[in-house]
Amino acid sequence: MSLENDIVLRPRFKIELDKSNQELLKIFEEAKHTQKDFIVSRVDDHVFIKIPKANQHFWSPQLHLEIMEVDKHSSRLFGLFGPNPTVWTMFMFFHFIVAGLFLGFGIWTYTNWTLKTDFAIQLFVAVLMIVLWFALYFGGRLGKATGKDQMLLLHNFMNQLLYSN
């Protein structure tokens with residue numbers, strides 16, 4: 001799996017495994033109690049692997065795994081790297097605000113332009129929203145790069161559990 005993804009801020013992957021989903025879920029359930037390097041939690045067929053609070057920073061990733069049963073002897077694992085859900089929600093909220101302001105000021109600019117009144121301030125704010133959107137995007141890319149070492153740790157831990165048992 002390559003973490004060098006040019007566009008995606010939340011890398012995803014899929015693995016076909018020759019173990020039942022219950023066997024795999026049991027492996028992660030046992031890892032919760034036998035190691036202290038990661039926080040492992042499970043809800044139904046979903047496993048969340050996180051960095052301990054002492055080692056976390058603002059951009060620390062978490063690994064969300066969904067283990068689906070294909071048949072009695074095989075399963076499909078879907079993985080998703082992402083930031084803390086609170087950070088992701090805040091990030092998406094900022095994107096929504098910037099998009100809303102861009103649309104609002106864009107409409108206001110067009111209205112003033114068609115009425116042949118001054119629209120410089122509205123145009124400036126609309127362009128500023130585009131600049132802010134790029135800043136948010138590159139901020140997300142910077143955050144992904146900052147958390148890359150921890151992403152690799154999470155991925156290696158997952159592989160160690162899956163392939164050593």
# chains A, B, ... in the order shown; residues from 1 in each chain; ligands from 1

call {"tool": "closest_atom_pairs", "arguments": {"of": "stretch 76-151 of chain A", "to": "stretch 46-68 of chain A", "cutoff": "10 Å", "atoms": "only C-alpha atoms", "output": "CSV"}}
result
residue,atom,partner,partner_atom,distance
A:Arg76,CA,A:Met68,CA,5.2
A:Leu77,CA,A:Ile67,CA,4.5
A:Phe78,CA,A:Glu66,CA,5.1
A:Gly79,CA,A:Leu65,CA,4.5
A:Leu80,CA,A:His64,CA,5.2
A:Phe81,CA,A:Leu63,CA,4.7
A:Gly82,CA,A:Pro61,CA,5.3
A:Pro83,CA,A:Pro61,CA,4.3
A:Asn84,CA,A:Pro61,CA,6.2
A:Pro85,CA,A:Gln62,CA,8.9
A:Val87,CA,A:Phe58,CA,7.8
A:Trp88,CA,A:Trp59,CA,9.6
A:Gly140,CA,A:Trp59,CA,8.9
A:Leu142,CA,A:Trp59,CA,9.0
A:Gly143,CA,A:Trp59,CA,5.3
A:Lys144,CA,A:Trp59,CA,7.1
A:Ala145,CA,A:Trp59,CA,9.0
A:Thr146,CA,A:Trp59,CA,6.7
A:Gly147,CA,A:Ser60,CA,5.3
A:Lys148,CA,A:Pro61,CA,8.2
A:Asp149,CA,A:Ser60,CA,9.4
A:Gln150,CA,A:Pro61,CA,6.8
A:Met151,CA,A:Pro61,CA,6.2

call {"tool": "select_by_dssp", "arguments": {"residues": "chain A", "states": "alpha helix (DSSP H)", "output": "PyMOL selection string"}}
result
chain A and resi 21-34+85-114+120-146+148-164

call {"tool": "select_by_dssp", "arguments": {"residues": "chain A", "states": "strand (DSSP E)", "output": "PyMOL selection string"}}
result
chain A and resi 12-17+39-43+46-50+61-71+74-83

call {"tool": "atom_distance", "arguments": {"atom1": "atom CA of A:Arg42", "atom2": "atom CA of A:Leu25"}}
result
8.1 Å

call {"tool": "residues_around", "arguments": {"residues": "stretch 130-137 of chain A", "least_positions_apart": "6", "cutoff": "12 Å", "atoms": "only C-alpha atoms", "output": "PyMOL selection string"}}
result
chain A and resi 6-9+88+90-103+105-106+123-124+143-144

call {"tool": "write_last_selection", "arguments": {"atoms": "N, CA and C atoms", "output": "tab-separated table (two decimals), in the first residue's frame"}}
result
chain	number	residue	atom	x	y	z
A	6	ASP	N	-1.43	11.56	-4.20
A	6	ASP	CA	-1.33	12.95	-4.58
A	6	ASP	C	-2.56	13.79	-4.23
A	7	ILE	N	-3.74	13.18	-4.24
A	7	ILE	CA	-4.95	13.98	-4.03
A	7	ILE	C	-5.64	13.63	-2.73
A	8	VAL	N	-5.76	12.37	-2.41
A	8	VAL	CA	-6.56	11.91	-1.29
A	8	VAL	C	-5.91	12.30	0.04
A	9	LEU	N	-6.69	12.94	0.91
A	9	LEU	CA	-6.19	13.30	2.23
A	9	LEU	C	-6.40	12.16	3.22
A	88	TRP	N	-11.21	16.14	11.97
A	88	TRP	CA	-11.78	16.02	10.63
A	88	TRP	C	-13.09	16.80	10.53
A	90	MET	N	-13.97	19.45	12.30
A	90	MET	CA	-13.63	20.87	12.29
A	90	MET	C	-13.11	21.27	10.91
A	91	PHE	N	-12.27	20.44	10.34
A	91	PHE	CA	-11.70	20.72	9.02
A	91	PHE	C	-12.81	20.82	7.97
A	92	MET	N	-13.75	19.90	7.99
A	92	MET	CA	-14.86	19.91	7.04
A	92	MET	C	-15.79	21.10	7.30
A	93	PHE	N	-15.96	21.48	8.56
A	93	PHE	CA	-16.76	22.66	8.90
A	93	PHE	C	-16.14	23.91	8.27
A	94	PHE	N	-14.83	24.04	8.38
A	94	PHE	CA	-14.16	25.19	7.76
A	94	PHE	C	-14.35	25.19	6.24
A	95	HIS	N	-14.25	24.03	5.63
A	95	HIS	CA	-14.48	23.93	4.18
A	95	HIS	C	-15.90	24.37	3.83
A	96	PHE	N	-16.86	23.93	4.61
A	96	PHE	CA	-18.26	24.29	4.37
A	96	PHE	C	-18.47	25.80	4.51
A	97	ILE	N	-17.89	26.40	5.53
A	97	ILE	CA	-18.02	27.86	5.74
A	97	ILE	C	-17.39	28.61	4.57
A	98	VAL	N	-16.20	28.19	4.16
A	98	VAL	CA	-15.52	28.87	3.04
A	98	VAL	C	-16.34	28.73	1.77
A	99	ALA	N	-16.88	27.54	1.49
A	99	ALA	CA	-17.69	27.34	0.29
A	99	ALA	C	-18.97	28.18	0.35
A	100	GLY	N	-19.61	28.21	1.51
A	100	GLY	CA	-20.82	29.02	1.66
A	100	GLY	C	-20.56	30.50	1.46
A	101	LEU	N	-19.49	30.99	2.05
A	101	LEU	CA	-19.14	32.41	1.87
A	101	LEU	C	-18.77	32.70	0.42
A	102	PHE	N	-18.06	31.78	-0.23
A	102	PHE	CA	-17.72	31.98	-1.63
A	102	PHE	C	-18.99	32.10	-2.48
A	103	LEU	N	-19.94	31.18	-2.28
A	103	LEU	CA	-21.19	31.24	-3.04
A	103	LEU	C	-21.96	32.52	-2.75
A	105	PHE	N	-20.88	35.49	-1.55
A	105	PHE	CA	-20.23	36.68	-2.10
A	105	PHE	C	-20.15	36.64	-3.62
A	106	GLY	N	-20.08	35.43	-4.20
A	106	GLY	CA	-20.11	35.32	-5.66
A	106	GLY	C	-21.45	35.79	-6.21
A	123	LEU	N	-16.11	41.01	-4.74
A	123	LEU	CA	-15.21	40.22	-5.57
A	123	LEU	C	-13.95	39.85	-4.79
A	124	PHE	N	-13.43	40.81	-4.03
A	124	PHE	CA	-12.24	40.56	-3.21
A	124	PHE	C	-12.50	39.43	-2.20
A	143	GLY	N	-0.75	18.37	7.20
A	143	GLY	CA	-1.13	17.52	8.32
A	143	GLY	C	-0.92	16.06	8.00
A	144	LYS	N	-1.26	15.66	6.77
A	144	LYS	CA	-1.05	14.28	6.35
A	144	LYS	C	0.45	13.96	6.36

call {"tool": "closest_residue", "arguments": {"among": "A:Lys26, A:Thr89, A:Ala31, A:Asp18", "to": "A:Met158", "atoms": "only C-alpha atoms"}}
result
A:Ala31

call {"tool": "atom_distance", "arguments": {"atom1": "atom CA of A:Gly139", "atom2": "atom CA of A:Ser41"}}
result
28.6 Å

call {"tool": "closest_residue", "arguments": {"among": "A:Ile39, A:Asp71, A:Leu17, A:Gly104", "to": "A:Met129", "atoms": "only C-alpha atoms"}}
result
A:Gly104

call {"tool": "closest_residue", "arguments": {"among": "A:Val43, A:Leu152, A:Leu115, A:Ile15", "to": "A:Glu29", "atoms": "only C-alpha atoms"}}
result
A:Val43

call {"tool": "closest_residue", "arguments": {"among": "A:Asn159, A:Thr114, A:Leu154, A:Ser20", "to": "A:Val40", "atoms": "only C-alpha atoms"}}
result
A:Leu154

call {"tool": "decode", "arguments": {"residues": "stretch 15-140 of chain A", "atoms": "C-alpha atoms", "output": "tab-separated table (two decimals), in the first residue's frame"}}
result
chain	number	residue	atom	x	y	z
A	15	ILE	CA	-7.02	-6.55	1.63
A	16	GLU	CA	-8.39	-10.03	0.90
A	17	LEU	CA	-7.56	-12.43	3.76
A	18	ASP	CA	-7.80	-16.20	4.15
A	19	LYS	CA	-9.23	-16.07	7.67
A	20	SER	CA	-12.79	-15.60	8.84
A	21	ASN	CA	-13.75	-12.17	10.07
A	22	GLN	CA	-14.36	-13.57	13.58
A	23	GLU	CA	-10.78	-14.91	13.72
A	24	LEU	CA	-9.42	-11.53	12.65
A	25	LEU	CA	-11.63	-9.61	15.06
A	26	LYS	CA	-10.45	-11.90	17.85
A	27	ILE	CA	-6.82	-11.12	16.98
A	28	PHE	CA	-7.47	-7.40	17.36
A	29	GLU	CA	-9.50	-7.98	20.53
A	30	GLU	CA	-6.56	-9.86	22.07
A	31	ALA	CA	-4.11	-7.17	20.96
A	32	LYS	CA	-6.12	-4.66	22.96
A	33	HIS	CA	-4.98	-6.41	26.15
A	34	THR	CA	-1.52	-7.75	25.21
A	35	GLN	CA	0.22	-4.57	24.04
A	36	LYS	CA	0.41	-0.93	25.16
A	37	ASP	CA	1.87	0.78	22.06
A	38	PHE	CA	-1.53	1.46	20.47
A	39	ILE	CA	-5.11	1.93	21.56
A	40	VAL	CA	-7.26	-0.75	19.93
A	41	SER	CA	-11.03	-0.58	20.17
A	42	ARG	CA	-13.71	-2.61	18.47
A	43	VAL	CA	-17.38	-2.00	17.64
A	44	ASP	CA	-19.07	-4.88	15.81
A	45	ASP	CA	-17.00	-5.50	12.64
A	46	HIS	CA	-15.08	-2.22	12.99
A	47	VAL	CA	-11.66	-1.89	14.61
A	48	PHE	CA	-10.08	1.46	15.47
A	49	ILE	CA	-6.34	1.68	16.08
A	50	LYS	CA	-5.09	4.94	17.58
A	51	ILE	CA	-1.87	6.42	18.87
A	52	PRO	CA	-1.80	6.74	22.70
A	53	LYS	CA	-2.60	10.20	24.07
A	54	ALA	CA	0.97	10.74	25.30
A	55	ASN	CA	2.31	10.41	21.73
A	56	GLN	CA	-0.48	12.22	19.90
A	57	HIS	CA	-0.20	15.58	18.21
A	58	PHE	CA	-2.89	17.62	16.45
A	59	TRP	CA	-2.47	15.73	13.16
A	60	SER	CA	-2.10	12.23	14.64
A	61	PRO	CA	-3.91	9.71	12.44
A	62	GLN	CA	-6.05	6.79	13.37
A	63	LEU	CA	-6.67	3.62	11.40
A	64	HIS	CA	-10.26	2.47	10.93
A	65	LEU	CA	-10.64	-1.13	9.78
A	66	GLU	CA	-13.85	-2.80	8.69
A	67	ILE	CA	-13.58	-6.57	8.45
A	68	MET	CA	-16.34	-8.07	6.32
A	69	GLU	CA	-17.03	-11.77	5.93
A	70	VAL	CA	-16.80	-13.07	2.35
A	71	ASP	CA	-17.43	-16.70	3.32
A	72	LYS	CA	-16.64	-18.94	6.32
A	73	HIS	CA	-12.92	-19.06	5.52
A	74	SER	CA	-12.15	-15.66	4.02
A	75	SER	CA	-12.80	-12.02	4.66
A	76	ARG	CA	-12.21	-8.60	3.20
A	77	LEU	CA	-10.56	-5.86	5.22
A	78	PHE	CA	-11.23	-2.23	4.33
A	79	GLY	CA	-8.87	0.30	5.89
A	80	LEU	CA	-9.09	4.06	6.17
A	81	PHE	CA	-6.45	6.38	7.59
A	82	GLY	CA	-7.79	9.64	8.89
A	83	PRO	CA	-7.27	12.27	11.53
A	84	ASN	CA	-9.06	12.28	14.83
A	85	PRO	CA	-12.80	12.57	14.03
A	86	THR	CA	-13.01	15.87	15.93
A	87	VAL	CA	-10.20	17.35	13.84
A	88	TRP	CA	-11.78	16.02	10.63
A	89	THR	CA	-15.19	17.47	11.56
A	90	MET	CA	-13.63	20.87	12.29
A	91	PHE	CA	-11.70	20.72	9.02
A	92	MET	CA	-14.86	19.91	7.04
A	93	PHE	CA	-16.76	22.66	8.90
A	94	PHE	CA	-14.16	25.19	7.76
A	95	HIS	CA	-14.48	23.93	4.18
A	96	PHE	CA	-18.26	24.29	4.37
A	97	ILE	CA	-18.02	27.86	5.74
A	98	VAL	CA	-15.52	28.87	3.04
A	99	ALA	CA	-17.69	27.34	0.29
A	100	GLY	CA	-20.82	29.02	1.66
A	101	LEU	CA	-19.14	32.41	1.87
A	102	PHE	CA	-17.72	31.98	-1.63
A	103	LEU	CA	-21.19	31.24	-3.04
A	104	GLY	CA	-22.79	34.07	-1.11
A	105	PHE	CA	-20.23	36.68	-2.10
A	106	GLY	CA	-20.11	35.32	-5.66
A	107	ILE	CA	-23.87	35.83	-6.00
A	108	TRP	CA	-23.61	39.27	-4.39
A	109	THR	CA	-20.77	40.18	-6.80
A	110	TYR	CA	-22.79	39.04	-9.82
A	111	THR	CA	-25.86	40.92	-8.61
A	112	ASN	CA	-23.93	44.16	-8.15
A	113	TRP	CA	-22.22	43.67	-11.52
A	114	THR	CA	-25.56	43.23	-13.32
A	115	LEU	CA	-26.98	46.28	-11.50
A	116	LYS	CA	-23.87	48.22	-12.54
A	117	THR	CA	-22.97	49.14	-8.96
A	118	ASP	CA	-19.64	48.82	-7.19
A	119	PHE	CA	-18.66	45.18	-6.54
A	120	ALA	CA	-14.95	45.36	-5.69
A	121	ILE	CA	-15.32	44.38	-2.03
A	122	GLN	CA	-17.57	41.42	-2.83
A	123	LEU	CA	-15.21	40.22	-5.57
A	124	PHE	CA	-12.24	40.56	-3.21
A	125	VAL	CA	-13.97	38.43	-0.54
A	126	ALA	CA	-14.97	35.79	-3.14
A	127	VAL	CA	-11.36	35.56	-4.36
A	128	LEU	CA	-10.17	35.49	-0.73
A	129	MET	CA	-12.41	32.44	-0.15
A	130	ILE	CA	-10.67	30.67	-3.04
A	131	VAL	CA	-7.31	31.47	-1.46
A	132	LEU	CA	-8.58	30.21	1.92
A	133	TRP	CA	-9.82	26.99	0.31
A	134	PHE	CA	-6.34	26.37	-1.12
A	135	ALA	CA	-4.84	27.16	2.30
A	136	LEU	CA	-7.16	24.60	3.91
A	137	TYR	CA	-6.27	22.02	1.27
A	138	PHE	CA	-2.53	22.50	1.67
A	139	GLY	CA	-2.96	22.60	5.45
A	140	GLY	CA	-4.57	19.16	5.18
